[in-house]
Number of protein chains: 2
Amino acid sequence: MSNPKVKRAIEIVKEQRYYDSIQGLMSWDIWEGLSKEGQPYRSEVSGYFTKHALNILKSKETEMLVGELKELDDSAFADIYEKAAVKNLIERYTKAVQIPDELQVEMRKFTAEAQRVWQDCIKINSFEAYKPTLKGLFDLKMRVANAINPHANPFDVLCDSVDKGIDTAEVGRIFAALKVGIKDILDQIKDEHAAIDDSKVRMKVETKRIRDMAYDVNTLTGFNYDCGKDSETVHGMCTGVGPRDSRIAISYRGDPWGGMFTMLHEGGHGRYNYGSHPRAIECGVWGGVGGAMHEGQARFYENMVGRSYEFIKYAYPTILKHFPEIKDVSVEDFYKAVNKVTPSLVRIGADELTYSLHPIIRFEIEKEFFNGNIKTDDFMELWDAKYEECFGMRPKNVKEGVLQDIHWASGHVGYFQSYTLGNVYGGQLLHKMLEKTPDLYAQMEKGNFAPVNDFLYEHIHQYGNSAYTPKELIVNATGEELTEKYFLEYLRNKYLKK
Amino acid sequence: MSNPKVKRAIEIVKEQRYYDSIQGLMSWDIWEGLSKEGQPYRSEVSGYFTKHALNILKSKETEMLVGELKELDDSAFADIYEKAAVKNLIERYTKAVQIPDELQVEMRKFTAEAQRVWQDCIKINSFEAYKPTLKGLFDLKMRVANAINPHANPFDVLCDSVDKGIDTAEVGRIFAALKVGIKDILDQIKDEHAAIDDSKVRMKVETKRIRDMAYDVNTLTGFNYDCGKDSETVHGMCTGVGPRDSRIAISYRGDPWGGMFTMLHEGGHGRYNYGSHPRAIECGVWGGVGGAMHEGQARFYENMVGRSYEFIKYAYPTILKHFPEIKDVSVEDFYKAVNKVTPSLVRIGADELTYSLHPIIRFEIEKEFFNGNIKTDDFMELWDAKYEECFGMRPKNVKEGVLQDIHWASGHVGYFQSYTLGNVYGGQLLHKMLEKTPDLYAQMEKGNFAPVNDFLYEHIHQYGNSAYTPKELIVNATGEELTEKYFLEYLRNKYLKK
């Protein structure tokens, strides 16, 4: 029999998750069903349920309960899932009372407007016109950070609300090492990769063909479409509407391989969403921890599985069934084509090697700002200088430069590190998997994904929105502290070994 | 300034509509996005919000307010929309307290199971096996009716909860007259219609072609897709998720003209859903009155507009653009083909003339049951006899006979009259429109739908979930009591005049 306080905490958390679920459904529906003129009413409905959920959370009862829950030690919990529920409730409650409602409303309004301005400024190619908005955004995020913890570095606070328990100084060190390592590989292979002829596999085709191929390829890895439906939309994303109900959305744009890797990527998010232990569902903590760990699962299936030679070899007959026009392209040439490294100014669609550099640049800029070394007005200059340094290229306009991402406009500051950190997690997990199953890739080539899927379930997925921080999950899974070395080792093996 | 009690009533009604909206979205999503394994959790979420909405509605505060609202006279209302909100709240509250929660839960569980049994019994072609379930369903509906009003005829009570203010005795008289009138037309044209050769327009094609054509044809009538999105699903339906947010779902099954008329039909529901006056939205009474009036709007656009010679002539170039393979079929022959009368045992897909007879048969059977003249065990015998009488044919199996509709299994008893009554409303409204705009059809042939759309907006749509009963709406719109004569006149004009 559970501790009655824990039992009550679980009830409240589950109730909050019901509200999350309808908000998740409404947010998925914006792209899938909501009519243009239906939007104002939708905001009203969504606002009503947001407020309602917060009222329950901020009630006198929860306040008292949270006080009592903080006093509990581990003996009060029947298992790790109960502990997770209690931790989750304390965190939710704390966040709800820390950030004043008015500031949340101001933030929501400002970001809605900022996204409009952002689009306009791209159209007229003007960073100048965007300056006041960018300043307003970062000032607001500073206020949010101060509301959460006035005594800590605001950048640490913002990153922590994305990646629980993150140590930004440590991430900074890891990123610095990564940058050196990746640039070193890039220097060695740049010319060789530039010479790869991928013209035979590049094509524009209609969505249905891509989708049917991508669906079948993703199924090969063991993705369960009974727990997740896919659809086409304007940009790739995955929404966890329920514990066994992931919504994968993909923007195909006519590119079959982009579509295939996006399906594998969003499928990775989808698995983490739907793969929680039944007890995690019972305790309202299904769906995974956010930020880098979620991104890591997605990039693991996209790259470490999907872009591997062994997987491609296994999947190739399926690919050819849908795309007989490339039947004269050998597996080797196809593998090379979809792994061609081409340094580019744009993050989205970047190759596996250089991708990690893009979020690092953004992370460094944000960090400089919150450390007081630069103003938002300086972002473009610093951005362009950093791209010059990393890629030897400068953006010709704001669309391929400082305004290429929607993140800041939508209020996602302190978020970018997730992408690259996700790769670092992936590398470390892969290393451990290979230690346990040295023929991991040979197994994949035979269509056996159990060593991958079981490892990720056992160490990461089952815990859902876990009582463990991401760092603890990694240490528990691999027996080592967070390190970039395995991801770099993976990249070196992939790009430098023949 | 509104009366404070009225103001509070509006707030509560609007809040209830927010709950309706998320339930509507979840129910639309069952067909559009929900994964198979996501269903149990979805039931949990839906059940939570159902209970929550009922708790608000059944609160002490609402109880007292409803008592006070009942004392108000019309001077308390700023307009008809405020009156509608108050009426709506009183009705919702009354229904919520009348039907015990346990009975509602029992009903929901029983119908979920009944639909499963219904499918099984169709597969094994056995009415015998379905008897206990059918008895259980009607017994439950009897209990629901008695809970609402133990002093009234249960059939009247059930029909009234679908069509507010309905007089089933009067509907019985109208239906009896209709039956005679329709059979009379049918006898005169049967042979002539059997001879119509529609083979040139009958075809099976892929969904996308049908959908794009149906979309364009529906647009011609002034349907606004900014207020309603369409999709493909397993059966035709329209869900009003918000005041300007109708979801049209169509089952295409490869049949272009079936798809086109379904789009016009569901488009009629969609318009009524999205066409409320802004004040109706402000007062939480958007979306139309249910039952026959909603069905009437759908059948008006499907048949009285869509299947008219003038509309088809106007839409024909659009149709041919999508279906050049029928370019040698004249408008006249196309019109005849899609209006061919073919008596059939099955309601869905029946032609415009004989369609009305199908719901009448079901209405009569339900009525006999609730009047105590027959048992549910006798339904099949009576069903078959009535089809013999009306169509001169007997079903060969339960799928084309007594088990063809899902309605009873899903708890829809006292609902069928809506379909035929909707046609009767349509006939009466059309008569009035023609009085006002004698060249109504000539206008449609020129692409001018304003006389139709404006009339329906002015007299029906703007009022939303109106303070007027359906009968009052008809009397206000046409200046006459409900009568079948105009619908019969319309049918006679269509089928007997050359």
# chains A, B, ... in the order shown; residues from 1 in each chain; ligands from 1

$ residues_around --residues "Arg209 (chain B)" --least-positions-apart "5" --cutoff "9 Å" --atoms "only C-alpha atoms" --output "tab-separated table (two decimals) with C-alpha atoms, in the first residue's frame"
chain	number	residue	atom	x	y	z
B	214	ALA	CA	-15.89	17.40	-54.35
B	256	PRO	CA	-16.99	10.05	-57.18
B	322	HIS	CA	-11.60	16.67	-62.72
B	323	PHE	CA	-13.31	13.87	-64.66

$ interface_residues --of "chain B" --to "chain A" --cutoff "10 Å" --atoms "only C-alpha atoms" --output "number ranges by chain"
B: 14-15, 17-19, 21-23, 25-26, 28-29, 32-42, 44-46, 48-49, 224-231, 241-248, 274, 281

$ closest_residue --among "B:Gly259, B:Pro4, B:Pro324, B:Gly222" --to "Phe449 (chain B)" --atoms "only C-alpha atoms"
B:Gly222

$ residues_around --residues "Ile326 (chain B)" --least-positions-apart "5" --cutoff "10 Å" --atoms "only C-alpha atoms" --output "list in words"
Lys200, Val201, Arg202, Ile319, Leu320, Lys321 and Phe334 of chain B

$ select_by_dssp --residues "region 193-267 of chain B" --states "helix (DSSP H, G or I)" --output "JSON, numbers by chain"
{"B": [193, 194, 207, 208, 209, 210, 211, 212, 213, 214, 215, 216, 217, 218, 219, 220, 225, 226, 227, 256, 257, 258, 259, 260, 261, 262, 263, 264, 265, 266, 267]}

$ write_last_selection --atoms "N, CA and C atoms" --output "compact mmCIF listing (two decimals), in the first residue's frame"
# COMPACT_ATOMS: atom_id res chain seq x y z
N HIS B 193 -37.39 4.91 -64.40
CA HIS B 193 -36.07 5.06 -63.78
C HIS B 193 -35.22 3.81 -63.91
N ALA B 194 -35.89 2.64 -63.84
CA ALA B 194 -35.12 1.39 -63.97
C ALA B 194 -34.43 1.35 -65.33
N THR B 207 -9.19 8.11 -54.17
CA THR B 207 -9.75 9.13 -53.29
C THR B 207 -9.36 10.55 -53.69
N LYS B 208 -8.08 10.78 -53.97
CA LYS B 208 -7.63 12.15 -54.17
C LYS B 208 -8.39 12.85 -55.29
N ARG B 209 -8.66 12.12 -56.37
CA ARG B 209 -9.39 12.72 -57.49
C ARG B 209 -10.81 13.11 -57.06
N ILE B 210 -11.45 12.23 -56.31
CA ILE B 210 -12.82 12.51 -55.85
C ILE B 210 -12.82 13.71 -54.93
N ARG B 211 -11.89 13.67 -53.99
CA ARG B 211 -11.85 14.72 -52.98
C ARG B 211 -11.63 16.09 -53.62
N ASP B 212 -10.68 16.17 -54.54
CA ASP B 212 -10.38 17.47 -55.15
C ASP B 212 -11.59 17.99 -55.93
N MET B 213 -12.29 17.10 -56.60
CA MET B 213 -13.50 17.50 -57.33
C MET B 213 -14.58 17.93 -56.34
N ALA B 214 -14.83 17.10 -55.32
CA ALA B 214 -15.89 17.40 -54.35
C ALA B 214 -15.60 18.72 -53.63
N TYR B 215 -14.33 18.95 -53.34
CA TYR B 215 -13.92 20.19 -52.68
C TYR B 215 -14.27 21.40 -53.55
N ASP B 216 -13.92 21.32 -54.82
CA ASP B 216 -14.20 22.44 -55.73
C ASP B 216 -15.70 22.64 -55.92
N VAL B 217 -16.43 21.55 -56.02
CA VAL B 217 -17.89 21.65 -56.22
C VAL B 217 -18.54 22.28 -54.99
N ASN B 218 -18.12 21.84 -53.81
CA ASN B 218 -18.68 22.39 -52.58
C ASN B 218 -18.33 23.88 -52.44
N THR B 219 -17.14 24.25 -52.90
CA THR B 219 -16.73 25.65 -52.86
C THR B 219 -17.66 26.52 -53.71
N LEU B 220 -18.13 25.95 -54.82
CA LEU B 220 -19.03 26.71 -55.71
C LEU B 220 -20.27 27.22 -54.97
N TYR B 225 -13.96 27.05 -46.57
CA TYR B 225 -13.04 26.07 -45.97
C TYR B 225 -12.11 26.70 -44.93
N ASP B 226 -12.12 28.03 -44.81
CA ASP B 226 -11.39 28.64 -43.70
C ASP B 226 -12.10 28.39 -42.36
N CYS B 227 -13.34 27.91 -42.45
CA CYS B 227 -14.10 27.61 -41.23
C CYS B 227 -14.33 26.11 -41.08
N PRO B 256 -17.11 8.59 -57.11
CA PRO B 256 -16.99 10.05 -57.18
C PRO B 256 -18.27 10.80 -56.83
N TRP B 257 -19.42 10.29 -57.29
CA TRP B 257 -20.64 11.10 -57.09
C TRP B 257 -21.17 10.93 -55.66
N GLY B 258 -21.00 9.72 -55.13
CA GLY B 258 -21.31 9.54 -53.71
C GLY B 258 -20.46 10.48 -52.87
N GLY B 259 -19.17 10.58 -53.22
CA GLY B 259 -18.25 11.46 -52.49
C GLY B 259 -18.66 12.92 -52.62
N MET B 260 -19.05 13.30 -53.83
CA MET B 260 -19.45 14.69 -54.07
C MET B 260 -20.69 15.07 -53.25
N PHE B 261 -21.69 14.19 -53.27
CA PHE B 261 -22.92 14.51 -52.53
C PHE B 261 -22.70 14.45 -51.02
N THR B 262 -21.79 13.56 -50.59
CA THR B 262 -21.48 13.52 -49.15
C THR B 262 -20.78 14.81 -48.73
N MET B 263 -19.89 15.31 -49.58
CA MET B 263 -19.22 16.58 -49.26
C MET B 263 -20.26 17.70 -49.13
N LEU B 264 -21.22 17.73 -50.05
CA LEU B 264 -22.26 18.76 -49.97
C LEU B 264 -23.12 18.56 -48.72
N HIS B 265 -23.41 17.29 -48.40
CA HIS B 265 -24.22 16.98 -47.21
C HIS B 265 -23.50 17.41 -45.93
N GLU B 266 -22.27 16.92 -45.75
CA GLU B 266 -21.52 17.27 -44.55
C GLU B 266 -21.19 18.76 -44.55
N GLY B 267 -21.05 19.33 -45.74
CA GLY B 267 -20.87 20.78 -45.85
C GLY B 267 -22.08 21.53 -45.31
